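Chemist: Please find model-v5.pdb (PDB, C-alpha atoms, pLDDT in the B column) on the next line:
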ATOM      1  CA  MET A 512       2.663  -3.894 -38.090  1.00 91.00           C
ATOM      2  CA  TYR A 513       0.942  -3.100 -34.795  1.00 98.00           C
ATOM      3  CA  LYS A 514      -0.082   0.433 -33.852  1.00 98.00           C
ATOM      4  CA  LEU A 515      -0.092   1.155 -30.125  1.00 98.00           C
ATOM      5  CA  HIS A 516      -1.915   4.294 -29.050  1.00 98.00           C
ATOM      6  CA  TYR A 517      -0.090   5.383 -25.911  1.00 98.00           C
ATOM      7  CA  TYR A 518       0.694   8.088 -23.400  1.00 98.00           C
ATOM      8  CA  PRO A 519       3.995   7.940 -21.452  1.00 97.00           C
ATOM      9  CA  GLY A 520       3.746   5.949 -18.241  1.00 97.00           C
ATOM     10  CA  ASN A 521       0.077   5.061 -18.741  1.00 97.00           C
ATOM     11  CA  ALA A 522      -1.265   1.500 -18.946  1.00 98.00           C
ATOM     12  CA  SER A 523       0.065   1.406 -22.503  1.00 98.00           C
ATOM     13  CA  ILE A 524       3.552   0.850 -21.095  1.00 98.00           C
ATOM     14  CA  ALA A 525       2.864  -2.841 -20.350  1.00 98.00           C
ATOM     15  CA  PRO A 526       2.126  -3.857 -23.969  1.00 98.00           C
ATOM     16  CA  HIS A 527       4.893  -1.489 -25.094  1.00 98.00           C
ATOM     17  CA  MET A 528       7.444  -3.389 -22.981  1.00 98.00           C
ATOM     18  CA  LEU A 529       6.000  -6.701 -24.146  1.00 98.00           C
ATOM     19  CA  MET A 530       6.377  -5.808 -27.823  1.00 98.00           C
ATOM     20  CA  GLU A 531       9.936  -4.632 -27.224  1.00 98.00           C
ATOM     21  CA  GLU A 532      10.708  -7.921 -25.472  1.00 98.00           C
ATOM     22  CA  LEU A 533       9.281  -9.912 -28.379  1.00 98.00           C
ATOM     23  CA  GLY A 534      11.017  -7.791 -30.989  1.00 98.00           C
ATOM     24  CA  VAL A 535       7.899  -7.335 -33.112  1.00 98.00           C
ATOM     25  CA  ASP A 536       7.284  -4.514 -35.591  1.00 98.00           C
ATOM     26  CA  TYR A 537       5.101  -1.775 -34.174  1.00 98.00           C
ATOM     27  CA  GLU A 538       4.378   1.923 -34.402  1.00 98.00           C
ATOM     28  CA  LEU A 539       3.688   4.213 -31.461  1.00 98.00           C
ATOM     29  CA  VAL A 540       0.815   6.678 -31.834  1.00 98.00           C
ATOM     30  CA  TYR A 541       0.986   9.450 -29.235  1.00 98.00           C
ATOM     31  CA  VAL A 542      -2.308  10.343 -27.553  1.00 98.00           C
ATOM     32  CA  ASP A 543      -1.946  13.741 -25.899  1.00 98.00           C
ATOM     33  CA  ARG A 544      -3.923  13.463 -22.682  1.00 96.00           C
ATOM     34  CA  ASN A 545      -3.039  17.069 -21.845  1.00 95.00           C
ATOM     35  CA  LYS A 546      -5.163  18.134 -24.800  1.00 97.00           C
ATOM     36  CA  GLN A 547      -7.884  15.559 -24.063  1.00 97.00           C
ATOM     37  CA  ALA A 548      -7.007  13.684 -27.256  1.00 97.00           C
ATOM     38  CA  HIS A 549      -8.309  10.482 -25.664  1.00 97.00           C
ATOM     39  CA  LYS A 550     -11.762  12.095 -25.596  1.00 97.00           C
ATOM     40  CA  SER A 551     -11.681  13.206 -29.226  1.00 98.00           C
ATOM     41  CA  PRO A 552     -14.204  11.767 -31.700  1.00 97.00           C
ATOM     42  CA  GLU A 553     -11.363  10.058 -33.571  1.00 97.00           C
ATOM     43  CA  TYR A 554     -10.085   8.260 -30.480  1.00 98.00           C
ATOM     44  CA  LEU A 555     -13.554   7.427 -29.172  1.00 98.00           C
ATOM     45  CA  ALA A 556     -14.254   5.745 -32.505  1.00 98.00           C
ATOM     46  CA  LEU A 557     -11.439   3.335 -31.603  1.00 98.00           C
ATOM     47  CA  ASN A 558     -12.271   2.997 -27.912  1.00 98.00           C
ATOM     48  CA  PRO A 559     -15.623   4.372 -26.692  1.00 97.00           C
ATOM     49  CA  SER A 560     -14.402   4.329 -23.071  1.00 97.00           C
ATOM     50  CA  GLY A 561     -11.760   6.909 -23.951  1.00 97.00           C
ATOM     51  CA  ARG A 562      -9.086   5.011 -22.099  1.00 97.00           C
ATOM     52  CA  ILE A 563      -5.500   4.391 -23.106  1.00 98.00           C
ATOM     53  CA  PRO A 564      -4.200   2.135 -24.644  1.00 98.00           C
ATOM     54  CA  VAL A 565      -5.622   0.962 -27.930  1.00 98.00           C
ATOM     55  CA  LEU A 566      -3.890  -1.532 -30.199  1.00 98.00           C
ATOM     56  CA  GLU A 567      -4.524  -1.732 -33.927  1.00 98.00           C
ATOM     57  CA  ASP A 568      -3.607  -5.070 -35.473  1.00 98.00           C
ATOM     58  CA  GLY A 569      -4.520  -4.649 -39.099  1.00 97.00           C
ATOM     59  CA  ALA A 570      -8.293  -4.179 -39.225  1.00 96.00           C
ATOM     60  CA  MET A 571      -8.656  -5.385 -35.625  1.00 97.00           C
ATOM     61  CA  VAL A 572      -8.887  -2.798 -32.848  1.00 98.00           C
ATOM     62  CA  ILE A 573      -8.367  -3.929 -29.262  1.00 98.00           C
ATOM     63  CA  SER A 574      -8.664  -2.000 -26.014  1.00 98.00           C
ATOM     64  CA  GLU A 575      -8.019  -2.953 -22.366  1.00 98.00           C
ATOM     65  CA  THR A 576      -4.395  -3.498 -21.407  1.00 98.00           C
ATOM     66  CA  ALA A 577      -4.674  -7.123 -20.300  1.00 98.00           C
ATOM     67  CA  ALA A 578      -6.577  -8.071 -23.463  1.00 98.00           C
ATOM     68  CA  ILE A 579      -3.934  -6.369 -25.606  1.00 98.00           C
ATOM     69  CA  CYS A 580      -1.121  -8.216 -23.833  1.00 98.00           C
ATOM     70  CA  LEU A 581      -2.932 -11.546 -24.144  1.00 98.00           C
ATOM     71  CA  HIS A 582      -3.487 -10.958 -27.853  1.00 98.00           C
ATOM     72  CA  ILE A 583       0.163 -10.080 -28.499  1.00 98.00           C
ATOM     73  CA  ALA A 584       1.405 -13.068 -26.495  1.00 98.00           C
ATOM     74  CA  ASP A 585      -0.992 -15.392 -28.357  1.00 97.00           C
ATOM     75  CA  ARG A 586       0.144 -13.999 -31.705  1.00 98.00           C
ATOM     76  CA  HIS A 587       3.778 -14.688 -30.835  1.00 98.00           C
ATOM     77  CA  PRO A 588       3.865 -18.015 -28.979  1.00 97.00           C
ATOM     78  CA  GLU A 589       7.546 -18.422 -29.846  1.00 97.00           C
ATOM     79  CA  GLY A 590       8.265 -15.719 -27.255  1.00 98.00           C
ATOM     80  CA  ARG A 591       6.826 -17.912 -24.492  1.00 97.00           C
ATOM     81  CA  MET A 592       5.338 -14.987 -22.619  1.00 98.00           C
ATOM     82  CA  MET A 593       2.685 -17.297 -21.106  1.00 98.00           C
ATOM     83  CA  PRO A 594       2.830 -20.898 -19.816  1.00 97.00           C
ATOM     84  CA  ASP A 595       1.530 -23.642 -22.116  1.00 96.00           C
ATOM     85  CA  ILE A 596      -2.243 -23.697 -22.516  1.00 95.00           C
ATOM     86  CA  ALA A 597      -4.336 -26.227 -20.541  1.00 95.00           C
ATOM     87  CA  THR A 598      -1.633 -26.614 -17.882  1.00 96.00           C
ATOM     88  CA  PRO A 599      -1.842 -25.829 -14.152  1.00 97.00           C
ATOM     89  CA  GLU A 600       0.724 -23.079 -14.714  1.00 97.00           C
ATOM     90  CA  ARG A 601      -1.499 -21.434 -17.338  1.00 97.00           C
ATOM     91  CA  ALA A 602      -4.432 -21.452 -14.908  1.00 98.00           C
ATOM     92  CA  LYS A 603      -2.306 -19.801 -12.214  1.00 97.00           C
ATOM     93  CA  PHE A 604      -1.059 -17.306 -14.789  1.00 98.00           C
ATOM     94  CA  TYR A 605      -4.661 -16.285 -15.477  1.00 98.00           C
ATOM     95  CA  GLN A 606      -5.302 -15.992 -11.744  1.00 98.00           C
ATOM     96  CA  TRP A 607      -2.415 -13.600 -11.212  1.00 98.00           C
ATOM     97  CA  LEU A 608      -3.219 -11.584 -14.330  1.00 98.00           C
ATOM     98  CA  MET A 609      -6.768 -11.046 -13.087  1.00 98.00           C
ATOM     99  CA  PHE A 610      -5.427 -10.035  -9.682  1.00 98.00           C
ATOM    100  CA  LEU A 611      -3.042  -7.509 -11.211  1.00 98.00           C
ATOM    101  CA  THR A 612      -5.590  -5.984 -13.583  1.00 98.00           C
ATOM    102  CA  ASN A 613      -8.913  -6.359 -11.746  1.00 97.00           C
ATOM    103  CA  THR A 614      -7.703  -5.743  -8.194  1.00 98.00           C
ATOM    104  CA  ILE A 615      -4.479  -3.714  -8.122  1.00 98.00           C
ATOM    105  CA  GLN A 616      -4.881  -1.728 -11.338  1.00 98.00           C
ATOM    106  CA  THR A 617      -8.491  -0.873 -10.538  1.00 98.00           C
ATOM    107  CA  GLU A 618      -7.542   0.260  -7.038  1.00 98.00           C
ATOM    108  CA  PHE A 619      -5.040   2.700  -8.509  1.00 98.00           C
ATOM    109  CA  LEU A 620      -7.960   4.483 -10.181  1.00 97.00           C
ATOM    110  CA  VAL A 621      -9.445   5.083  -6.735  1.00 98.00           C
ATOM    111  CA  TYR A 622      -6.061   6.175  -5.371  1.00 98.00           C
ATOM    112  CA  TYR A 623      -5.216   8.655  -8.133  1.00 98.00           C
ATOM    113  CA  TYR A 624      -8.744   9.882  -8.889  1.00 97.00           C
ATOM    114  CA  SER A 625     -10.332   9.807  -5.440  1.00 97.00           C
ATOM    115  CA  GLU A 626     -12.537  12.806  -6.164  1.00 96.00           C
ATOM    116  CA  ARG A 627     -14.487  10.743  -8.700  1.00 95.00           C
ATOM    117  CA  TYR A 628     -15.716   8.292  -6.070  1.00 96.00           C
ATOM    118  CA  SER A 629     -17.957  10.601  -4.056  1.00 96.00           C
ATOM    119  CA  SER A 630     -20.415  13.363  -4.769  1.00 96.00           C
ATOM    120  CA  ASP A 631     -18.690  15.327  -1.981  1.00 96.00           C
ATOM    121  CA  VAL A 632     -15.105  16.313  -2.893  1.00 93.00           C
ATOM    122  CA  SER A 633     -14.253  16.648   0.784  1.00 96.00           C
ATOM    123  CA  ASP A 634     -14.412  12.848   0.987  1.00 97.00           C
ATOM    124  CA  ALA A 635     -11.496  12.482  -1.446  1.00 97.00           C
ATOM    125  CA  PRO A 636      -8.650  12.431   1.136  1.00 97.00           C
ATOM    126  CA  ALA A 637     -10.281   9.640   3.135  1.00 98.00           C
ATOM    127  CA  ILE A 638     -11.056   7.670  -0.018  1.00 98.00           C
ATOM    128  CA  LYS A 639      -7.456   8.050  -1.185  1.00 98.00           C
ATOM    129  CA  ALA A 640      -6.069   6.962   2.208  1.00 98.00           C
ATOM    130  CA  ALA A 641      -8.253   3.861   2.265  1.00 98.00           C
ATOM    131  CA  ALA A 642      -7.239   2.991  -1.297  1.00 98.00           C
ATOM    132  CA  GLU A 643      -3.582   3.349  -0.340  1.00 98.00           C
ATOM    133  CA  GLN A 644      -3.935   0.865   2.486  1.00 98.00           C
ATOM    134  CA  ARG A 645      -5.703  -1.612   0.226  1.00 98.00           C
ATOM    135  CA  LEU A 646      -2.987  -1.232  -2.406  1.00 98.00           C
ATOM    136  CA  ILE A 647      -0.257  -1.922   0.132  1.00 98.00           C
ATOM    137  CA  SER A 648      -2.111  -5.034   1.301  1.00 98.00           C
ATOM    138  CA  TYR A 649      -2.452  -6.221  -2.313  1.00 98.00           C
ATOM    139  CA  PHE A 650       1.247  -5.714  -2.973  1.00 98.00           C
ATOM    140  CA  ASP A 651       1.916  -7.709   0.198  1.00 98.00           C
ATOM    141  CA  ILE A 652       0.110 -10.634  -1.455  1.00 98.00           C
ATOM    142  CA  VAL A 653       2.366 -10.347  -4.517  1.00 98.00           C
ATOM    143  CA  GLU A 654       5.373 -10.042  -2.206  1.00 98.00           C
ATOM    144  CA  THR A 655       4.460 -13.385  -0.635  1.00 97.00           C
ATOM    145  CA  GLN A 656       4.031 -14.991  -4.075  1.00 96.00           C
ATOM    146  CA  LEU A 657       7.461 -13.804  -5.190  1.00 97.00           C
ATOM    147  CA  GLY A 658       8.969 -15.095  -1.958  1.00 97.00           C
ATOM    148  CA  LYS A 659       7.549 -18.547  -2.706  1.00 95.00           C
ATOM    149  CA  LYS A 660       8.133 -18.699  -6.467  1.00 91.00           C
ATOM    150  CA  GLY A 661      10.601 -15.960  -7.535  1.00 91.00           C
ATOM    151  CA  PRO A 662      12.453 -14.371  -9.043  1.00 96.00           C
ATOM    152  CA  TYR A 663       9.619 -13.887 -11.564  1.00 97.00           C
ATOM    153  CA  MET A 664       5.875 -14.185 -10.982  1.00 97.00           C
ATOM    154  CA  MET A 665       5.709 -17.656 -12.526  1.00 97.00           C
ATOM    155  CA  GLY A 666       9.055 -18.835 -11.205  1.00 96.00           C
ATOM    156  CA  LYS A 667      12.307 -18.951 -13.124  1.00 95.00           C
ATOM    157  CA  ALA A 668      10.963 -17.809 -16.518  1.00 95.00           C
ATOM    158  CA  VAL A 669       9.873 -14.275 -17.324  1.00 97.00           C
ATOM    159  CA  SER A 670       6.299 -13.817 -18.583  1.00 98.00           C
ATOM    160  CA  PHE A 671       4.311 -10.753 -19.479  1.00 97.00           C
ATOM    161  CA  LEU A 672       2.977 -10.767 -15.918  1.00 98.00           C
ATOM    162  CA  ASP A 673       6.352  -9.372 -14.922  1.00 98.00           C
ATOM    163  CA  PHE A 674       6.104  -6.403 -17.272  1.00 98.00           C
ATOM    164  CA  TYR A 675       2.571  -5.780 -16.033  1.00 98.00           C
ATOM    165  CA  LEU A 676       3.757  -5.909 -12.426  1.00 98.00           C
ATOM    166  CA  LEU A 677       6.628  -3.520 -13.138  1.00 98.00           C
ATOM    167  CA  MET A 678       4.119  -1.008 -14.489  1.00 98.00           C
ATOM    168  CA  LEU A 679       2.028  -1.280 -11.322  1.00 98.00           C
ATOM    169  CA  CYS A 680       5.081  -0.977  -9.078  1.00 98.00           C
ATOM    170  CA  ARG A 681       6.017   2.211 -10.874  1.00 97.00           C
ATOM    171  CA  TRP A 682       2.522   3.573 -10.250  1.00 97.00           C
ATOM    172  CA  GLY A 683       3.031   2.698  -6.582  1.00 97.00           C
ATOM    173  CA  ARG A 684       6.139   4.834  -6.175  1.00 96.00           C
ATOM    174  CA  PHE A 685       4.178   7.424  -4.159  1.00 96.00           C
ATOM    175  CA  LEU A 686       2.688   4.985  -1.643  1.00 98.00           C
ATOM    176  CA  SER A 687       3.834   5.246   1.952  1.00 98.00           C
ATOM    177  CA  THR A 688       5.090   1.660   1.629  1.00 97.00           C
ATOM    178  CA  LYS A 689       6.591   1.461  -1.842  1.00 97.00           C
ATOM    179  CA  PRO A 690       6.493  -1.904  -3.648  1.00 97.00           C
ATOM    180  CA  SER A 691      10.069  -1.331  -4.822  1.00 96.00           C
ATOM    181  CA  GLU A 692      11.209  -1.180  -1.195  1.00 96.00           C
ATOM    182  CA  MET A 693       9.654  -4.514  -0.229  1.00 97.00           C
ATOM    183  CA  LYS A 694      12.119  -7.395   0.004  1.00 97.00           C
ATOM    184  CA  HIS A 695      11.030  -9.636  -2.865  1.00 97.00           C
ATOM    185  CA  LEU A 696       9.233  -7.014  -4.951  1.00 97.00           C
ATOM    186  CA  GLY A 697      12.342  -4.850  -4.682  1.00 96.00           C
ATOM    187  CA  LYS A 698      14.460  -7.650  -6.127  1.00 96.00           C
ATOM    188  CA  HIS A 699      11.870  -8.200  -8.855  1.00 97.00           C
ATOM    189  CA  VAL A 700      11.737  -4.590 -10.041  1.00 96.00           C
ATOM    190  CA  LYS A 701      15.526  -4.291 -10.023  1.00 96.00           C
ATOM    191  CA  LEU A 702      15.773  -7.465 -12.086  1.00 96.00           C
ATOM    192  CA  MET A 703      13.116  -6.300 -14.539  1.00 97.00           C
ATOM    193  CA  SER A 704      14.695  -2.858 -14.758  1.00 95.00           C
ATOM    194  CA  LYS A 705      17.827  -4.426 -16.220  1.00 95.00           C
ATOM    195  CA  HIS A 706      15.956  -5.945 -19.165  1.00 96.00           C
ATOM    196  CA  PRO A 707      17.018  -4.164 -22.384  1.00 97.00           C
ATOM    197  CA  SER A 708      13.385  -4.169 -23.543  1.00 98.00           C
ATOM    198  CA  VAL A 709      12.371  -2.251 -20.421  1.00 98.00           C
ATOM    199  CA  LEU A 710      15.178   0.273 -20.793  1.00 97.00           C
ATOM    200  CA  ARG A 711      14.307   0.842 -24.457  1.00 97.00           C
ATOM    201  CA  THR A 712      10.632   1.352 -23.616  1.00 98.00           C
ATOM    202  CA  PHE A 713      11.343   3.914 -20.913  1.00 97.00           C
ATOM    203  CA  GLU A 714      13.731   5.753 -23.211  1.00 97.00           C
ATOM    204  CA  GLN A 715      11.189   5.821 -26.057  1.00 97.00           C
ATOM    205  CA  GLU A 716       8.508   7.185 -23.713  1.00 97.00           C
ATOM    206  CA  GLY A 717      10.836   9.815 -22.279  1.00 96.00           C
ATOM    207  CA  LEU A 718      10.627   8.404 -18.754  1.00 96.00           C
ATOM    208  CA  GLU A 719      13.358   8.191 -16.143  1.00 92.00           C
ATOM    209  CA  LYS A 720      15.066   4.820 -15.936  1.00 86.00           C
ATOM    210  CA  PRO A 721      12.920   2.530 -13.761  1.00 81.00           C
ATOM    211  CA  PHE A 722      14.189   2.009 -10.233  1.00 72.00           C
ATOM    212  CA  ALA A 723      17.786   2.930 -11.150  1.00 53.00           C
TER     213      ALA A 723
END
Before we go any further, please render this structure as structure tokens.
Modeler:
Amino acid sequence: MYKLHYYPGNASIAPHMLMEELGVDYELVYVDRNKQAHKSPEYLALNPSGRIPVLEDGAMVISETAAICLHIADRHPEGRMMPDIATPERAKFYQWLMFLTNTIQTEFLVYYYSERYSSDVSDAPAIKAAAEQRLISYFDIVETQLGKKGPYMMGKAVSFLDFYLLMLCRWGRFLSTKPSEMKHLGKHVKLMSKHPSVLRTFEQEGLEKPFA
């Protein structure tokens, strides 16, 4: 059985949705960020960066959301959450995963924690505003991809990219141009929000239904 160390709505929600979609056995381990539990010696022994999530798979401990999702998808190939290996589709899958995690997800750190990116806290509003504009431009790129391929990131079949993207769209609900209000992204999040695995995940984490 997997153990997923999580906090509601954090980056742990992507592997949580993925495991629900695959129907695998797992246990949720709540990490209380409000009490700085992710900075405790016990948690840091699992993940020295102190970030959420962490996945325990037997004796193996894995951090970083994308790595966790890749591991779960590899362990359960019958779920077909990634295109076949050594195919052009698999290469494009990797491209989009890196864009979601390395570009969009990283930019959200700047957006939500702007004060960390300057020694002068008065710079935070300008840093946040610039990050917001970059995020909107990045979601525009995904919007174009969905317009070409749709309804899912890789075309007609759902992959774990789609759960990852739903997480990011939820994080973008405070942007001046919301991903969920874009034409193709809006259709995507509404489609994903109907998946039973998504609804179960949000219910388990005590979150409002996504994009109801």
Chemist: For the file shown, report as a list of chain:residue names the outcome of the PyMOL selection byres ((chain A and resi 618-626) around 6) at residue level.
Modeler: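 Going through the file, the PyMOL selection byres ((chain A and resi 618-626) around 6) ends up selecting A:Ile615, A:Gln616, A:Thr617, A:Arg627, A:Tyr628, A:Val632, A:Ala635, A:Ile638, A:Lys639, A:Ala642.
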Chemist: With distances taken over all atoms listed in the file, which residue among A:His699, A:Lys514, A:Lys720, A:Lys689 lies nearest Leu557 of chain A?
Modeler: A:Lys514
Chemist: Within 6 Å of segment 661-680 of chain A, which residues of segment 515-615 of chain A show up? Give each one with its shortest atom-to-atom distance in Å (one decimal) and the two atoms involved, counting only C-alpha atoms, rows by chain then rising residue number, as a Markdown table.
Modeler:
| residue | atom | partner | partner_atom | distance |
| --- | --- | --- | --- | --- |
| A:Ala525 | CA | A:Tyr675 | CA | 5.2 |
| A:Met592 | CA | A:Ser670 | CA | 4.3 |
| A:Met593 | CA | A:Ser670 | CA | 5.6 |
Chemist: So what do you get for atom CA of Ala577 of chain A versus atom CA of Thr612 of chain A, distance-wise?
Modeler: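 According to the coordinates, atom CA of Ala577 of chain A and atom CA of Thr612 of chain A are separated by 6.9 Å.
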Chemist: Can you measure atom CA of Leu702 of chain A to atom CA of Ser574 of chain A for me? One decimal in Å is fine.
Modeler: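 That distance, rounded to one decimal, is 28.7 Å.
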Chemist: Leaving out Val700 of chain A and any residue of its chain fewer than 4 positions from it, which residues lie within 7 Å of it when counting all atoms listed in the file, given as JSON, numbers by chain?
Modeler: {"A": [677, 691, 696, 704]}
Chemist: Looking at all atoms listed in the file, which of A:Gly683, A:Pro599, A:Pro564, A:Gly590 is the one that sits closest to Leu515 of chain A?
Modeler: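 Among the listed residues, the smallest separation from Leu515 of chain A belongs to A:Pro564.
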Chemist: Could you give me, as a ChimeraX atom specification, the residues within 10 Å of Ala578 of chain A, counting only C-alpha atoms and dropping anything in the same chain fewer than 6 positions from it?
Modeler: /A:526,566,584
Chemist: Separation of atom CA of Asn558 of chain A and atom CA of Arg586 of chain A, in Å?
Modeler: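 If I compute the distance from atom CA of Asn558 of chain A to atom CA of Arg586 of chain A, I get 21.4 Å.
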Chemist: Using the file's own x, y and z axes, what box holds all listed atoms of segment 572-585 of chain A with 8 Å on each side, keeping edges along x, y and z, and what are its centre and edge lengths in Å to one decimal, as lines of an AutoDock Vina configuration file?
Modeler:
center_x = -3.7
center_y = -8.7
center_z = -26.6
size_x = 26.3
size_y = 29.4
size_z = 28.5
Chemist: If you count all atoms listed in the file, which residues fall within 12 Å of Thr688 of chain A, apart from same-chain ones fewer than 5 positions away, as a PyMOL selection string?
Modeler: chain A and resi 643-651+680+683+693-694+696-697
Chemist: Identify all residues satisfying the PyMOL selection byres ((chain A and resi 532-535) around 9) in the given file; provide them as number ranges by chain.
Modeler: A: 512-513, 527-531, 536-537, 584, 587, 589-590, 592, 706-709
Chemist: For each of A:Ala556, A:Met609, A:Pro519, A:Cys580, take the minimum atom-to-atom distance to Val542 of chain A, counting only C-alpha atoms, then give the residue where this is smallest.
Modeler: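 Closest residue, counting only C-alpha atoms: A:Pro519.
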Chemist: Which one is closest to Ile579 of chain A: A:Arg681, A:Arg711, A:His695, A:His516? Count all atoms listed in the file.
Modeler: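 Smallest distance to Ile579 of chain A is found for A:His516.
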Chemist: Which is closer to Ile652 of chain A than all the others in A:Gly569, A:Pro636, A:Pro690, A:Pro594, using all atoms listed in the file?
Modeler: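 Among the listed residues, A:Pro690 lies closest to Ile652 of chain A.
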Chemist: For Arg562 of chain A, list every protein, DNA or RNA residue within 9 Å, evaluated using only C-alpha atoms, and leave out those in the same chain fewer than 5 positions away; present the list as a PDB file with C-alpha atoms, in the coordinates of the input.
Modeler:
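selection.pdb, written as the output of this step:
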ATOM      1  CA  HIS A 549      -8.309  10.482 -25.664  1.00 97.00           C
ATOM      2  CA  LYS A 550     -11.762  12.095 -25.596  1.00 97.00           C
ATOM      3  CA  LEU A 555     -13.554   7.427 -29.172  1.00 98.00           C
ATOM      4  CA  SER A 574      -8.664  -2.000 -26.014  1.00 98.00           C
ATOM      5  CA  GLU A 575      -8.019  -2.953 -22.366  1.00 98.00           C
TER       6      GLU A 575
END
Chemist: Kindly indicate which residue among A:Val653, A:Ile583, A:Ala640, A:Leu710 lies nearest to Gln606 of chain A, using all atoms listed in the file for the distances.
Modeler: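 Checking each candidate against Gln606 of chain A, we get A:Val653 as the closest.
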Chemist: Generate the coordinates of all heavy atoms for segment 629-635 of chain A; report them as a PDB file, in the coordinates of the input.
Modeler:
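Writing done, so here's result02.pdb:
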ATOM      1  N   SER A 629     -16.970  10.055  -4.990  1.00 96.00           N
ATOM      2  CA  SER A 629     -17.957  10.601  -4.056  1.00 96.00           C
ATOM      3  C   SER A 629     -18.552  11.854  -4.666  1.00 96.00           C
ATOM      4  O   SER A 629     -17.894  12.558  -5.444  1.00 96.00           O
ATOM      5  CB  SER A 629     -17.309  10.932  -2.707  1.00 96.00           C
ATOM      6  OG  SER A 629     -18.248  11.561  -1.854  1.00 96.00           O
ATOM      7  N   SER A 630     -19.783  12.126  -4.316  1.00 96.00           N
ATOM      8  CA  SER A 630     -20.415  13.363  -4.769  1.00 96.00           C
ATOM      9  C   SER A 630     -19.944  14.559  -3.944  1.00 96.00           C
ATOM     10  O   SER A 630     -20.218  15.703  -4.293  1.00 96.00           O
ATOM     11  CB  SER A 630     -21.943  13.246  -4.683  1.00 96.00           C
ATOM     12  OG  SER A 630     -22.333  12.929  -3.355  1.00 96.00           O
ATOM     13  N   ASP A 631     -19.221  14.282  -2.858  1.00 96.00           N
ATOM     14  CA  ASP A 631     -18.690  15.327  -1.981  1.00 96.00           C
ATOM     15  C   ASP A 631     -17.164  15.284  -2.081  1.00 96.00           C
ATOM     16  O   ASP A 631     -16.529  14.334  -1.623  1.00 96.00           O
ATOM     17  CB  ASP A 631     -19.138  15.077  -0.538  1.00 96.00           C
ATOM     18  CG  ASP A 631     -18.738  16.205   0.405  1.00 96.00           C
ATOM     19  OD1 ASP A 631     -17.876  17.023   0.033  1.00 96.00           O
ATOM     20  OD2 ASP A 631     -19.287  16.251   1.527  1.00 96.00           O
ATOM     21  N   VAL A 632     -16.555  16.311  -2.669  1.00 93.00           N
ATOM     22  CA  VAL A 632     -15.105  16.313  -2.893  1.00 93.00           C
ATOM     23  C   VAL A 632     -14.319  16.281  -1.591  1.00 93.00           C
ATOM     24  O   VAL A 632     -13.153  15.882  -1.575  1.00 93.00           O
ATOM     25  CB  VAL A 632     -14.675  17.533  -3.732  1.00 93.00           C
ATOM     26  CG1 VAL A 632     -15.239  17.452  -5.133  1.00 93.00           C
ATOM     27  CG2 VAL A 632     -15.091  18.836  -3.060  1.00 93.00           C
ATOM     28  N   SER A 633     -14.955  16.674  -0.501  1.00 96.00           N
ATOM     29  CA  SER A 633     -14.253  16.648   0.784  1.00 96.00           C
ATOM     30  C   SER A 633     -13.975  15.219   1.252  1.00 96.00           C
ATOM     31  O   SER A 633     -13.161  14.997   2.151  1.00 96.00           O
ATOM     32  CB  SER A 633     -15.053  17.398   1.858  1.00 96.00           C
ATOM     33  OG  SER A 633     -16.276  16.730   2.142  1.00 96.00           O
ATOM     34  N   ASP A 634     -14.642  14.258   0.645  1.00 97.00           N
ATOM     35  CA  ASP A 634     -14.412  12.848   0.987  1.00 97.00           C
ATOM     36  C   ASP A 634     -13.141  12.301   0.346  1.00 97.00           C
ATOM     37  O   ASP A 634     -12.660  11.226   0.735  1.00 97.00           O
ATOM     38  CB  ASP A 634     -15.594  11.980   0.511  1.00 97.00           C
ATOM     39  CG  ASP A 634     -16.876  12.265   1.269  1.00 97.00           C
ATOM     40  OD1 ASP A 634     -16.795  12.733   2.411  1.00 97.00           O
ATOM     41  OD2 ASP A 634     -17.957  12.012   0.697  1.00 97.00           O
ATOM     42  N   ALA A 635     -12.602  13.002  -0.644  1.00 97.00           N
ATOM     43  CA  ALA A 635     -11.496  12.482  -1.446  1.00 97.00           C
ATOM     44  C   ALA A 635     -10.282  12.062  -0.619  1.00 97.00           C
ATOM     45  O   ALA A 635      -9.724  10.976  -0.855  1.00 97.00           O
ATOM     46  CB  ALA A 635     -11.101  13.484  -2.521  1.00 97.00           C
TER      47      ALA A 635
END
